[in-house]
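Enquirer: Here you go, input-v9.txt (compact mmCIF, C-alpha atoms):
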```txt
# COMPACT_ATOMS: atom_id res chain seq x y z
CA MET V 1421 8.91 -15.49 6.92
CA GLU V 1422 11.83 -17.25 5.18
CA HIS V 1423 9.32 -19.60 3.56
CA HIS V 1424 8.20 -16.75 1.28
CA LEU V 1425 11.62 -15.35 0.34
CA ALA V 1426 12.89 -16.15 -3.15
CA ALA V 1427 16.61 -16.31 -3.89
CA SER V 1428 16.22 -14.60 -7.27
CA ALA V 1429 13.84 -12.08 -8.79
CA GLU V 1430 12.88 -14.50 -11.57
CA ARG V 1431 11.48 -16.98 -9.05
CA ALA V 1432 9.37 -14.42 -7.19
CA ASP V 1433 5.70 -13.52 -7.59
CA TYR V 1434 6.30 -9.98 -6.28
CA LEU V 1435 9.20 -7.60 -5.73
CA VAL V 1436 9.39 -5.83 -2.35
CA GLU V 1437 11.45 -2.74 -1.65
CA LEU V 1438 12.33 -3.85 1.85
CA SER V 1439 13.87 -0.56 2.99
CA ASN V 1440 10.67 1.29 2.16
CA VAL V 1441 8.41 -1.26 3.87
CA VAL V 1442 10.54 -1.55 7.02
CA ARG V 1443 10.54 2.25 7.42
CA GLN V 1444 6.81 2.78 6.73
CA THR V 1445 5.64 3.95 10.16
CA SER V 1446 1.96 4.06 9.16
CA ILE V 1447 1.76 0.25 9.42
CA GLY V 1448 2.76 -2.18 12.12
CA PRO V 1449 4.46 -1.40 15.43
CA ARG V 1450 5.80 1.94 16.57
CA GLY V 1451 9.38 2.89 15.89
CA PRO V 1452 11.44 4.05 12.91
CA ARG V 1453 12.20 0.53 11.59
CA SER V 1454 10.55 -2.85 12.08
CA LEU V 1455 10.83 -6.15 10.23
CA ARG V 1456 7.34 -7.05 11.47
CA ARG V 1457 5.98 -4.73 8.79
CA LEU V 1458 7.24 -7.18 6.18
CA GLY V 1459 5.20 -9.90 7.90
CA LEU V 1460 2.07 -7.78 7.56
CA VAL V 1461 2.79 -7.26 3.85
CA LEU V 1462 3.30 -11.00 3.30
CA ARG V 1463 -0.02 -11.73 5.00
CA ALA V 1464 -1.70 -9.13 2.77
CA LEU V 1465 -0.17 -10.76 -0.32
CA MET V 1466 -1.47 -14.17 0.74
CA GLU V 1467 -4.95 -12.69 1.12
CA LEU V 1468 -4.70 -10.84 -2.19
CA THR V 1469 -3.54 -13.85 -4.21
CA GLY V 1470 -5.14 -16.71 -2.29
CA ASP V 1471 -1.71 -18.35 -2.40
CA PRO V 1472 -0.25 -19.43 0.98
CA ASP V 1473 3.12 -19.96 -0.72
CA VAL V 1474 3.33 -16.58 -2.45
CA SER V 1475 6.98 -15.64 -2.95
CA VAL V 1476 8.75 -12.28 -2.84
CA TYR V 1477 12.19 -11.00 -3.78
CA LEU V 1478 13.58 -8.45 -1.33
CA VAL V 1479 15.84 -5.55 -2.27
CA ALA V 1480 17.26 -3.24 0.40
CA ASP V 1481 19.62 -0.27 0.62
CA THR V 1482 22.89 -0.88 2.44
CA SER V 1483 21.79 1.95 4.72
CA LEU V 1484 18.97 -0.20 6.12
CA LEU V 1485 21.36 -2.26 8.24
CA GLY V 1486 23.62 0.75 8.64
CA GLY V 1487 20.88 2.24 10.81
CA HIS V 1488 20.49 -0.91 12.91
CA ARG V 1489 20.08 1.10 16.11
CA GLU V 1490 16.68 2.30 14.86
CA PHE V 1491 15.30 -1.25 15.05
CA GLY V 1492 13.41 -1.82 18.28
CA ASP V 1493 14.30 -5.53 18.41
CA PRO V 1494 17.95 -6.65 18.08
CA ASP V 1495 16.75 -10.09 16.94
CA GLU V 1496 15.33 -8.45 13.82
CA VAL V 1497 18.75 -7.01 12.98
CA ARG V 1498 20.34 -10.45 13.38
CA ARG V 1499 17.66 -12.03 11.23
CA LEU V 1500 18.08 -9.41 8.52
CA ARG V 1501 21.85 -9.90 8.48
CA ARG V 1502 21.35 -13.64 8.12
CA TRP V 1503 18.99 -13.10 5.18
CA VAL V 1504 21.59 -10.92 3.46
CA ALA V 1505 24.30 -13.56 4.07
CA ASP V 1506 22.01 -16.33 2.75
CA GLY V 1507 21.14 -14.41 -0.43
CA LEU V 1508 17.50 -13.86 0.56
CA VAL V 1509 17.91 -10.06 0.52
CA GLU V 1510 19.76 -8.26 -2.26
CA GLU V 1511 21.61 -5.44 -0.53
CA VAL V 1512 22.59 -2.61 -2.89
CA GLY V 1513 23.61 1.02 -2.69
CA ASP V 1514 20.44 2.16 -4.47
CA ALA V 1515 17.41 -0.08 -3.91
CA ASP V 1516 15.16 2.21 -5.97
CA GLU V 1517 17.20 1.80 -9.13
CA ARG V 1518 17.57 -1.96 -8.67
CA ILE V 1519 13.85 -2.48 -8.00
CA LEU V 1520 12.93 -0.51 -11.12
CA GLU V 1521 15.50 -2.37 -13.18
CA LEU V 1522 14.00 -5.71 -12.09
CA ALA V 1523 10.41 -4.52 -12.47
CA ARG V 1524 11.05 -3.40 -16.02
CA MET V 1525 12.90 -6.58 -16.99
CA THR V 1526 10.43 -9.04 -15.45
CA GLY V 1527 7.10 -7.19 -15.43
CA THR V 1528 6.65 -8.28 -11.81
CA ARG V 1529 4.51 -6.12 -9.50
CA VAL V 1530 6.28 -4.09 -6.82
CA VAL V 1531 5.28 -3.51 -3.19
CA THR V 1532 6.45 -0.06 -2.17
CA GLY V 1533 5.22 3.33 -1.09
CA ASP V 1534 7.62 5.25 -3.33
CA GLN V 1535 6.46 7.25 -6.36
CA TYR V 1536 9.98 7.17 -7.91
CA VAL V 1537 9.69 10.71 -9.28
CA ASP V 1538 13.46 11.16 -9.42
CA HIS V 1539 13.84 8.01 -11.53
CA ARG V 1540 11.32 8.82 -14.25
CA GLY V 1541 13.94 10.32 -16.52
CA GLU V 1542 15.70 6.96 -16.73
CA HIS V 1543 12.43 4.99 -16.47
CA PRO V 1544 9.70 6.83 -18.43
CA TRP V 1545 7.50 3.70 -18.32
CA ILE V 1546 6.56 4.68 -14.74
CA GLN V 1547 4.62 7.68 -16.07
CA GLY V 1548 0.89 6.89 -16.00
CA ASN V 1549 1.45 3.35 -14.66
CA THR V 1550 -1.64 2.23 -12.74
CA TRP V 1551 -1.12 -1.51 -12.15
CA GLN V 1552 2.47 -2.48 -11.34
CA PHE V 1553 2.97 -0.76 -7.97
CA LEU V 1554 1.16 -1.73 -4.75
CA ARG V 1555 1.21 0.54 -1.67
CA PRO V 1556 0.79 -0.95 1.83
CA GLU V 1557 -1.96 0.86 3.74
CA PRO V 1558 -3.19 0.30 7.32
CA ARG V 1559 -6.59 -1.33 7.88
CA PRO V 1560 -8.83 -0.72 10.90
CA ASP V 1561 -8.16 -4.28 12.15
CA GLN V 1562 -4.38 -3.58 12.39
CA ARG V 1563 -3.71 -5.56 9.24
CA VAL V 1564 -2.41 -4.20 5.94
CA ALA V 1565 -4.15 -3.74 2.59
CA LEU V 1566 -2.20 -3.54 -0.69
CA VAL V 1567 -3.64 -0.82 -2.92
CA PRO V 1568 -2.67 -0.31 -6.59
CA MET V 1569 -0.97 3.07 -6.99
CA ASP V 1570 -1.75 5.43 -9.84
CA MET V 1571 1.76 6.75 -10.49
CA GLY V 1572 0.38 9.73 -12.41
CA VAL V 1573 2.33 11.86 -14.87
CA ARG V 1574 4.94 14.29 -13.58
CA THR V 1575 6.24 17.25 -15.56
CA GLU V 1576 9.77 17.40 -16.93
CA ALA V 1577 10.54 20.30 -14.57
CA GLU V 1578 9.41 18.34 -11.49
CA ILE V 1579 11.38 15.26 -12.56
CA SER V 1580 14.47 17.39 -13.16
CA ARG V 1581 14.26 18.98 -9.71
CA ARG V 1582 13.96 15.61 -8.03
CA MET V 1583 16.79 14.19 -10.11
CA GLU V 1584 19.06 17.05 -9.06
CA LEU V 1585 18.36 16.35 -5.38
CA SER V 1586 18.89 12.64 -5.89
CA ALA V 1587 22.11 13.27 -7.78
CA LEU V 1588 23.51 15.25 -4.87
CA LYS V 1589 22.57 12.47 -2.47
CA LYS V 1590 24.01 9.68 -4.58
CA GLN V 1591 27.02 11.66 -5.85
CA GLY V 1592 26.42 11.09 -9.53
CA LEU V 1593 22.97 9.85 -10.59
CA LEU V 1594 23.62 10.32 -14.29
CA GLY V 1595 25.76 7.47 -15.60
CA PRO V 1596 26.69 5.97 -18.98
CA SER V 1597 23.91 4.88 -21.33
CA ARG V 1598 22.35 1.54 -20.44
CA THR V 1599 21.97 -1.37 -22.82
CA PRO V 1600 18.22 -1.45 -23.66
CA LEU V 1601 16.69 -3.94 -21.28
CA THR V 1602 14.51 -5.39 -24.02
CA ASP V 1603 17.68 -6.50 -25.78
CA VAL V 1604 18.99 -8.03 -22.57
CA ILE V 1605 15.99 -10.02 -21.39
CA MET V 1606 15.30 -11.53 -24.81
CA ARG V 1607 18.79 -13.05 -25.02
CA ALA V 1608 20.49 -15.96 -23.25
CA TRP V 1609 23.80 -15.33 -21.47
CA SER V 1610 26.85 -17.29 -20.36
CA CYS V 1611 29.50 -16.53 -17.76
CA PRO V 1612 33.12 -16.84 -18.99
CA GLU V 1613 34.01 -18.59 -15.72
CA PRO V 1614 33.90 -22.32 -16.76
CA ARG V 1615 32.47 -23.53 -13.44
CA CYS V 1616 29.68 -20.92 -13.27
CA THR V 1617 26.22 -22.41 -13.94
CA LEU V 1618 24.00 -19.48 -12.90
CA TYR V 1619 23.01 -18.76 -16.51
CA ASP V 1620 23.32 -22.30 -17.97
CA LEU V 1621 20.18 -23.06 -20.01
CA HIS V 1622 20.78 -26.79 -19.53
CA ARG V 1623 20.57 -26.64 -15.73
CA GLY V 1624 16.80 -26.66 -15.20
CA ASP V 1625 13.93 -24.39 -16.28
CA ARG V 1626 14.83 -21.45 -14.03
CA VAL V 1627 17.79 -19.48 -15.36
CA LEU V 1628 18.91 -16.23 -13.78
CA LEU V 1629 18.62 -12.96 -15.63
CA PRO V 1630 21.89 -11.00 -15.82
CA ARG V 1631 22.62 -8.11 -13.50
CA ILE V 1632 23.03 -4.82 -15.38
CA ARG V 1633 26.09 -2.90 -14.21
CA ARG V 1634 27.05 0.25 -16.06
CA GLY V 1635 24.91 -0.88 -18.96
CA VAL V 1636 26.63 -4.27 -19.28
CA PRO V 1637 25.05 -7.70 -18.49
CA THR V 1638 27.21 -8.97 -15.64
CA CYS V 1639 27.49 -12.20 -13.64
CA GLU V 1640 26.00 -11.87 -10.15
CA LEU V 1641 28.68 -14.15 -8.68
CA HIS V 1642 31.90 -13.26 -10.50
CA GLY V 1643 31.21 -9.66 -11.55
CA THR V 1644 32.44 -10.36 -15.09
CA PRO V 1645 30.65 -9.37 -18.35
CA LEU V 1646 28.43 -12.12 -19.74
CA THR V 1647 28.53 -13.52 -23.28
CA ASP V 1648 25.43 -13.40 -25.51
CA VAL V 1649 24.69 -16.99 -26.61
CA GLY V 1650 21.43 -16.47 -28.52
CA VAL V 1651 17.68 -16.16 -28.05
CA ARG V 1652 16.47 -16.83 -24.51
CA PRO V 1653 13.84 -19.59 -24.19
CA ALA V 1654 10.61 -18.29 -22.72
CA GLY V 1655 8.46 -19.71 -19.97
CA ALA V 1656 5.20 -18.84 -18.26
CA GLN V 1657 3.74 -19.98 -14.96
CA LEU V 1658 0.14 -21.16 -14.64
CA LYS V 1659 -1.69 -21.30 -11.30
CA VAL V 1660 -4.73 -23.38 -10.36
CA VAL V 1661 -6.90 -21.51 -7.84
CA ILE V 1662 -9.74 -23.36 -6.14
CA ASP V 1663 -12.18 -21.51 -3.89
CA GLY V 1664 -9.80 -18.55 -3.74
CA GLY V 1665 -6.66 -20.52 -2.82
CA CYS V 1666 -3.73 -21.44 -5.06
CA VAL V 1667 -3.37 -25.24 -4.98
CA ALA V 1668 -0.94 -25.95 -7.83
CA ARG V 1669 1.51 -24.30 -10.24
CA TYR V 1670 2.75 -25.43 -13.64
CA THR V 1671 5.36 -24.17 -16.10
CA LEU V 1672 4.51 -23.71 -19.78
CA ASP V 1673 7.46 -23.54 -22.16
CA GLU V 1674 7.66 -21.69 -25.48
CA GLY V 1675 6.33 -23.81 -28.36
CA SER V 1676 4.33 -26.15 -26.11
CA GLU V 1677 0.60 -26.76 -25.63
CA ALA V 1678 -1.07 -28.30 -22.59
CA TYR V 1679 -4.65 -29.42 -22.02
CA VAL V 1680 -6.16 -28.62 -18.63
CA GLY V 1681 -9.13 -30.59 -17.38
CA ARG V 1682 -10.43 -33.41 -15.26
CA LEU V 1683 -8.23 -36.12 -16.86
CA PRO V 1684 -6.58 -34.68 -19.99
CA GLY V 1685 -3.95 -37.38 -20.49
CA PRO V 1686 -0.27 -37.86 -19.59
CA GLU V 1687 0.92 -34.58 -21.15
CA GLY V 1688 -1.85 -32.47 -19.64
CA ILE V 1689 -2.68 -30.82 -16.33
CA ALA V 1690 -5.06 -33.11 -14.44
CA LEU V 1691 -7.38 -31.56 -11.85
CA HIS V 1692 -9.40 -34.56 -10.71
CA SER V 1693 -7.42 -35.06 -7.48
CA LEU V 1694 -7.96 -31.40 -6.57
CA LEU V 1695 -11.74 -31.30 -7.06
CA SER V 1696 -14.73 -32.55 -5.15
CA PRO V 1697 -16.87 -35.13 -7.04
CA GLU V 1698 -19.65 -32.55 -7.53
CA ILE V 1699 -17.32 -29.98 -9.11
CA ALA V 1700 -15.32 -32.57 -11.07
CA ALA V 1701 -18.56 -33.61 -12.80
CA ARG V 1702 -18.76 -30.07 -14.26
CA VAL V 1703 -15.21 -30.08 -15.67
CA SER V 1704 -14.56 -31.75 -19.02
CA ARG V 1705 -11.86 -34.37 -19.45
CA ARG V 1706 -10.09 -31.81 -21.65
CA HIS V 1707 -11.50 -28.43 -20.73
CA VAL V 1708 -9.11 -25.76 -22.04
CA ALA V 1709 -5.93 -25.78 -24.12
CA VAL V 1710 -3.15 -23.38 -23.19
CA SER V 1711 -0.25 -22.82 -25.58
CA ALA V 1712 2.83 -20.61 -25.88
CA ARG V 1713 3.57 -19.39 -29.38
CA GLY V 1714 5.90 -16.65 -30.53
CA GLY V 1715 6.41 -15.33 -27.01
CA THR V 1716 2.72 -15.02 -26.09
CA VAL V 1717 0.31 -17.33 -24.26
CA LEU V 1718 -3.01 -18.35 -25.81
CA CYS V 1719 -6.03 -20.19 -24.40
CA ARG V 1720 -8.82 -22.10 -26.16
CA ASP V 1721 -12.07 -23.57 -24.86
CA VAL V 1722 -12.39 -27.24 -25.87
CA SER V 1723 -14.95 -28.25 -23.23
CA SER V 1724 -18.50 -29.55 -23.26
CA TYR V 1725 -19.59 -27.19 -20.47
CA GLY V 1726 -18.09 -23.86 -21.52
CA THR V 1727 -15.42 -21.59 -20.01
CA ARG V 1728 -15.59 -18.03 -18.75
CA MET V 1729 -12.73 -15.53 -18.89
CA ARG V 1730 -12.02 -12.14 -17.38
CA HIS V 1731 -9.06 -9.85 -18.01
CA ALA V 1732 -6.98 -7.99 -15.44
CA GLY V 1733 -8.05 -4.35 -15.29
CA ARG V 1734 -5.53 -1.53 -15.67
CA ARG V 1735 -6.11 -0.46 -12.07
CA GLY V 1736 -5.48 -3.92 -10.65
CA GLY V 1737 -9.08 -5.14 -10.32
CA PRO V 1738 -10.60 -7.82 -12.56
CA GLY V 1739 -12.91 -7.01 -15.45
CA PRO V 1740 -16.29 -8.66 -16.12
CA TRP V 1741 -16.65 -12.35 -16.86
CA GLU V 1742 -17.19 -13.24 -20.52
CA LYS V 1743 -17.90 -16.59 -22.12
CA LEU V 1744 -15.07 -17.87 -24.29
CA PRO V 1745 -16.12 -18.72 -27.86
CA PRO V 1746 -15.41 -22.47 -28.25
CA GLY V 1747 -12.43 -23.45 -30.37
CA ALA V 1748 -10.99 -19.92 -30.73
CA ASP V 1749 -7.54 -18.94 -29.46
CA ARG V 1750 -7.52 -15.91 -27.18
CA PRO V 1751 -4.56 -14.09 -25.54
CA PHE V 1752 -4.01 -15.21 -21.95
CA ARG V 1753 -2.05 -12.45 -20.22
CA PRO V 1754 -0.71 -12.16 -16.65
CA GLY V 1755 -3.58 -11.54 -14.25
CA ASP V 1756 -6.23 -12.94 -16.64
CA GLU V 1757 -8.47 -15.69 -15.25
CA LEU V 1758 -10.22 -18.69 -16.79
CA GLU V 1759 -13.14 -20.18 -14.86
CA LEU V 1760 -13.61 -23.85 -15.71
CA ALA V 1761 -16.36 -24.43 -13.12
CA PRO V 1762 -17.65 -22.51 -10.10
CA GLY V 1763 -14.66 -21.87 -7.82
CA VAL V 1764 -12.14 -23.46 -10.24
CA VAL V 1765 -9.89 -20.85 -11.86
CA LEU V 1766 -6.78 -21.06 -14.00
CA THR V 1767 -4.64 -17.91 -13.97
CA ARG V 1768 -1.18 -16.71 -14.89
CA SER V 1769 1.43 -15.40 -12.49
CA GLY V 1770 2.78 -11.87 -12.80
CA ARG V 1771 5.81 -12.81 -14.89
CA ARG V 1772 5.57 -12.04 -18.59
CA PHE V 1773 7.21 -13.38 -21.74
CA PRO V 1774 9.87 -11.12 -23.30
CA ALA V 1775 7.64 -10.38 -26.30
CA GLU V 1776 4.80 -9.37 -23.96
CA LEU V 1777 7.19 -7.12 -22.03
CA ALA V 1778 8.39 -5.42 -25.20
CA ASP V 1779 4.80 -4.80 -26.34
CA ALA V 1780 3.87 -3.41 -22.91
CA TRP V 1781 6.86 -1.08 -22.82
CA ARG V 1782 6.08 0.22 -26.34
CA ALA V 1783 2.47 0.85 -25.28
CA GLU V 1784 3.59 2.68 -22.12
CA ALA V 1785 5.99 4.80 -24.17
CA ALA V 1786 3.20 5.68 -26.61
CA ARG V 1787 0.94 6.74 -23.70
CA THR V 1788 3.60 8.84 -21.97
CA PRO V 1789 2.85 12.50 -22.80
CA VAL V 1790 5.65 14.87 -23.73
CA PRO V 1791 5.16 18.59 -22.89
CA PRO V 1792 4.98 20.74 -26.06
CA THR V 1793 8.06 22.72 -25.04
CA ALA V 1794 10.13 19.70 -24.17
CA ALA V 1795 12.96 18.61 -26.39
CA ALA V 1796 12.63 15.38 -28.33
CA PRO V 1797 13.46 12.43 -26.08
CA THR V 1798 16.86 10.85 -26.54
CA ARG V 1799 16.60 7.89 -24.16
CA ARG V 1800 15.78 4.48 -25.57
CA VAL V 1801 12.80 2.63 -24.06
```
Starting from the file, give its structure as C-alpha cells.
Expert:
Amino acid sequence: MEHHLAASAERADYLVELSNVVRQTSIGPRGPRSLRRLGLVLRALMELTGDPDVSVYLVADTSLLGGHREFGDPDEVRRLRRWVADGLVEEVGDADERILELARMTGTRVVTGDQYVDHRGEHPWIQGNTWQFLRPEPRPDQRVALVPMDMGVRTEAEISRRMELSALKKQGLLGPSRTPLTDVIMRAWSCPEPRCTLYDLHRGDRVLLPRIRRGVPTCELHGTPLTDVGVRPAGAQLKVVIDGGCVARYTLDEGSEAYVGRLPGPEGIALHSLLSPEIAARVSRRHVAVSARGGTVLCRDVSSYGTRMRHAGRRGGPGPWEKLPPGADRPFRPGDELELAPGVVLTRSGRRFPAELADAWRAEAARTPVPPTAAAPTRRV
C-alpha cells in the first residue's frame, strides 16, 4: 500500500481520515480495527479514478495506535508505526480538525464516514456540501464502493450541542481566532531556519503549504512561525485518461499555455505514443489548448475533429457531454473532462487554484442558510 501514500497533502489526489476508515466495521474483516480496510478503500479509489497510481494523504488520531491491542494482526500495528515514522501518516491529536483544515485549504476530496457536525461552527463550508466527502460502503462482492455524501444542513442548536460534547472530550475546543485560510494559501512562505527548504519556491514545483497552529502559519519541521514572502505561484495537474485508465500526468503553471494533441510541438503534450493508430488518426496535431490565467484554468478547442466536454456534477457524477464551440475559452475546473476522441479524455485532478478555492468558499458561504433567530455570524470564511 505504500506505493499510494503521499508524504504531503499537496501531493495527494485524496485525503483519507485513517482513524475513521480503520475503525469502520461495516467494511473488511471482523474486529474493531483493521488496516486491511485501507486497502479496500485504495482499490475503490483506483476503480473510481481509473488511475492505478492514485495517491492519498493519511491523517490519524494519536489514539489510533494508542489502542493497538484492538488490531487483530500485530504486523499491522508495526506497519502503521513505520508509516508514522516515515512521514506517510500525519499523526495528530485531532484528525477531524486537521482533515478539515487540509480539505478547505486544498479543495481535495476526503474519504471518511464522519459528518463533522461538531466542527461546522468553525467550518461552515461543510453545510450543504454534496461533493467533497466520500463514504466507504460495503458491496455484495466484499469490495468497497465510495459514495458521495450529502452533508446536509444542521441547525445551530444541533451544532452547539455537538460542539459542547466535543469540547468536553478535547478539553477546550474553542481556541483563538484562526488566520483566514484564503489569506494563507494564496501567499508564499519561508522558514526562518536558514537550512529549511520545505517552503522554498526555488526547490521544484511542489512546495509545502504551511501548517496552521493557533491561527499562525508554522513550519512542519521546526515548529516556528513562517514569514510571508509574497503571492504564491499557482499550479494545476492535468491527467490523460485512455479507456478509463490514467496513463499520464502533467503540471500546468500559472501564466502558461499548453497544446494537447497528437504531435503539438516541443512545448506541448504529445499523445501519439499513448494512442493506437486508429485513435491517433482522430486526434488533431494540436487538438485543445489549456491555459492558466489569473488563477483559473481555461480550455479551447483548436482541432479539426471537434472536442466534447462535460462538467463535474455537484453530487459527484458527471454531467452530459456537450460539444465545445471552436476557438472559445471555457473554464476547465477540477473534475471536468475533455474528450478528444472516443476513449481519450483529458481531465483535471482534485486540486484547485487559490482563486478557484476562494470563489468556491464564497459560493458555499452564500448557500449556507442562517436560521431567522440566529445572531449575525462573526466567523470569517
Enquirer: Give me, please, the distance in Å between atom CA of Gln1552 of chain V and atom CA of Asp1506 of chain V, quoted to one decimal.
Expert: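 So the two atoms, atom CA of Gln1552 of chain V and atom CA of Asp1506 of chain V, lie 27.8 Å apart.
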Enquirer: Please compute the atom CA of Val1651 of chain V-atom CA of Arg1768 of chain V distance, one decimal, in Å.
Expert: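 Value for the atom CA of Val1651 of chain V-atom CA of Arg1768 of chain V distance: 23.0 Å.
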Enquirer: In Å to one decimal, how far is atom CA of Pro1684 of chain V from atom CA of Tyr1725 of chain V?
Expert: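 According to the coordinates, atom CA of Tyr1725 of chain V and atom CA of Pro1684 of chain V are separated by 15.0 Å.
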Enquirer: Could you list, as a ChimeraX atom specification, every residue within 6 Å of Leu1758 of chain V, counting all atoms listed in the file and ignoring same-chain residues fewer than 4 positions away?
Expert: /V:1728-1729,1765-1766
Enquirer: Taking all atoms listed in the file into account, which of V:Val1504, V:Gly1665, V:Asp1756, V:Val1461 comes nearest Ala1732 of chain V?
Expert: V:Asp1756
Enquirer: Check the smallest atom-to-atom distance from each of V:His1692, V:Gly1548, V:Arg1634, V:Leu1435 to Arg1524 of chain V using all atoms listed in the file, then report the winner.
Expert: V:Leu1435
Enquirer: Near Arg1501 of chain V, counting only C-alpha atoms, which residues have an atom at most 8 Å away, once you skip same-chain residues fewer than 4 positions from it, shown as a PyMOL selection string?
Expert: chain V and resi 1485+1497+1505
Enquirer: Residues as selected, C-alpha atoms, written as an mmCIF file, in the frame of the given file, can you do that?
Expert:
```cif
data_model
loop_
_atom_site.group_PDB
_atom_site.id
_atom_site.type_symbol
_atom_site.label_atom_id
_atom_site.label_comp_id
_atom_site.auth_asym_id
_atom_site.auth_seq_id
_atom_site.Cartn_x
_atom_site.Cartn_y
_atom_site.Cartn_z
ATOM 1 C CA LEU V 1485 21.360 -2.260 8.240
ATOM 2 C CA VAL V 1497 18.750 -7.010 12.980
ATOM 3 C CA ALA V 1505 24.300 -13.560 4.070
#
```
Enquirer: Which segment 1648-1687 of chain V residues have any atom within 12 Å of an atom of segment 1463-1478 of chain V, and for each, what is the nearest pair of atoms with distance in Å to one decimal, counting only C-alpha atoms, rows sorted by chain and number, as a Markdown table?
Expert:
```
| residue | atom | partner | partner_atom | distance |
| --- | --- | --- | --- | --- |
| V:Lys1659 | CA | V:Asp1471 | CA | 9.4 |
| V:Val1660 | CA | V:Asp1471 | CA | 9.9 |
| V:Val1661 | CA | V:Gly1470 | CA | 7.5 |
| V:Ile1662 | CA | V:Gly1470 | CA | 9.0 |
| V:Asp1663 | CA | V:Gly1470 | CA | 8.7 |
| V:Gly1664 | CA | V:Gly1470 | CA | 5.2 |
| V:Gly1665 | CA | V:Gly1470 | CA | 4.1 |
| V:Cys1666 | CA | V:Asp1471 | CA | 4.6 |
| V:Val1667 | CA | V:Asp1471 | CA | 7.5 |
| V:Ala1668 | CA | V:Asp1471 | CA | 9.4 |
| V:Arg1669 | CA | V:Asp1471 | CA | 10.4 |
```
Enquirer: Is it possible to get the residues within 8 Å of (23.9, -10.9, -3.8) (coordinates as in the file, counting all atoms listed in the file) written as a list in words?
Expert: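 The residues that fall inside the cut-off are Val1504, Gly1507, Val1509, Glu1510, Glu1511, Glu1640 and Leu1641 of chain V.
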Enquirer: Using only C-alpha atoms, what does the table of segment 1512-1541 of chain V residues within 12 Å of segment 1442-1453 of chain V look like, with each row giving the shortest atom pair and its distance in Å to one decimal, sorted by chain and ascending number, as JSON lines?
Expert:
```
{"residue": "V:Val1531", "atom": "CA", "partner": "V:Val1442", "partner_atom": "CA", "distance": 11.7}
{"residue": "V:Thr1532", "atom": "CA", "partner": "V:Gln1444", "partner_atom": "CA", "distance": 9.3}
{"residue": "V:Gly1533", "atom": "CA", "partner": "V:Gln1444", "partner_atom": "CA", "distance": 8.0}
{"residue": "V:Asp1534", "atom": "CA", "partner": "V:Gln1444", "partner_atom": "CA", "distance": 10.4}
```
Enquirer: Rank nothing, just name the residue among V:Met1421, V:Ala1690, V:Leu1554, V:Ile1519 nearest to Trp1503 of chain V, using all atoms listed in the file.
Expert: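 Nearest to Trp1503 of chain V: V:Met1421.
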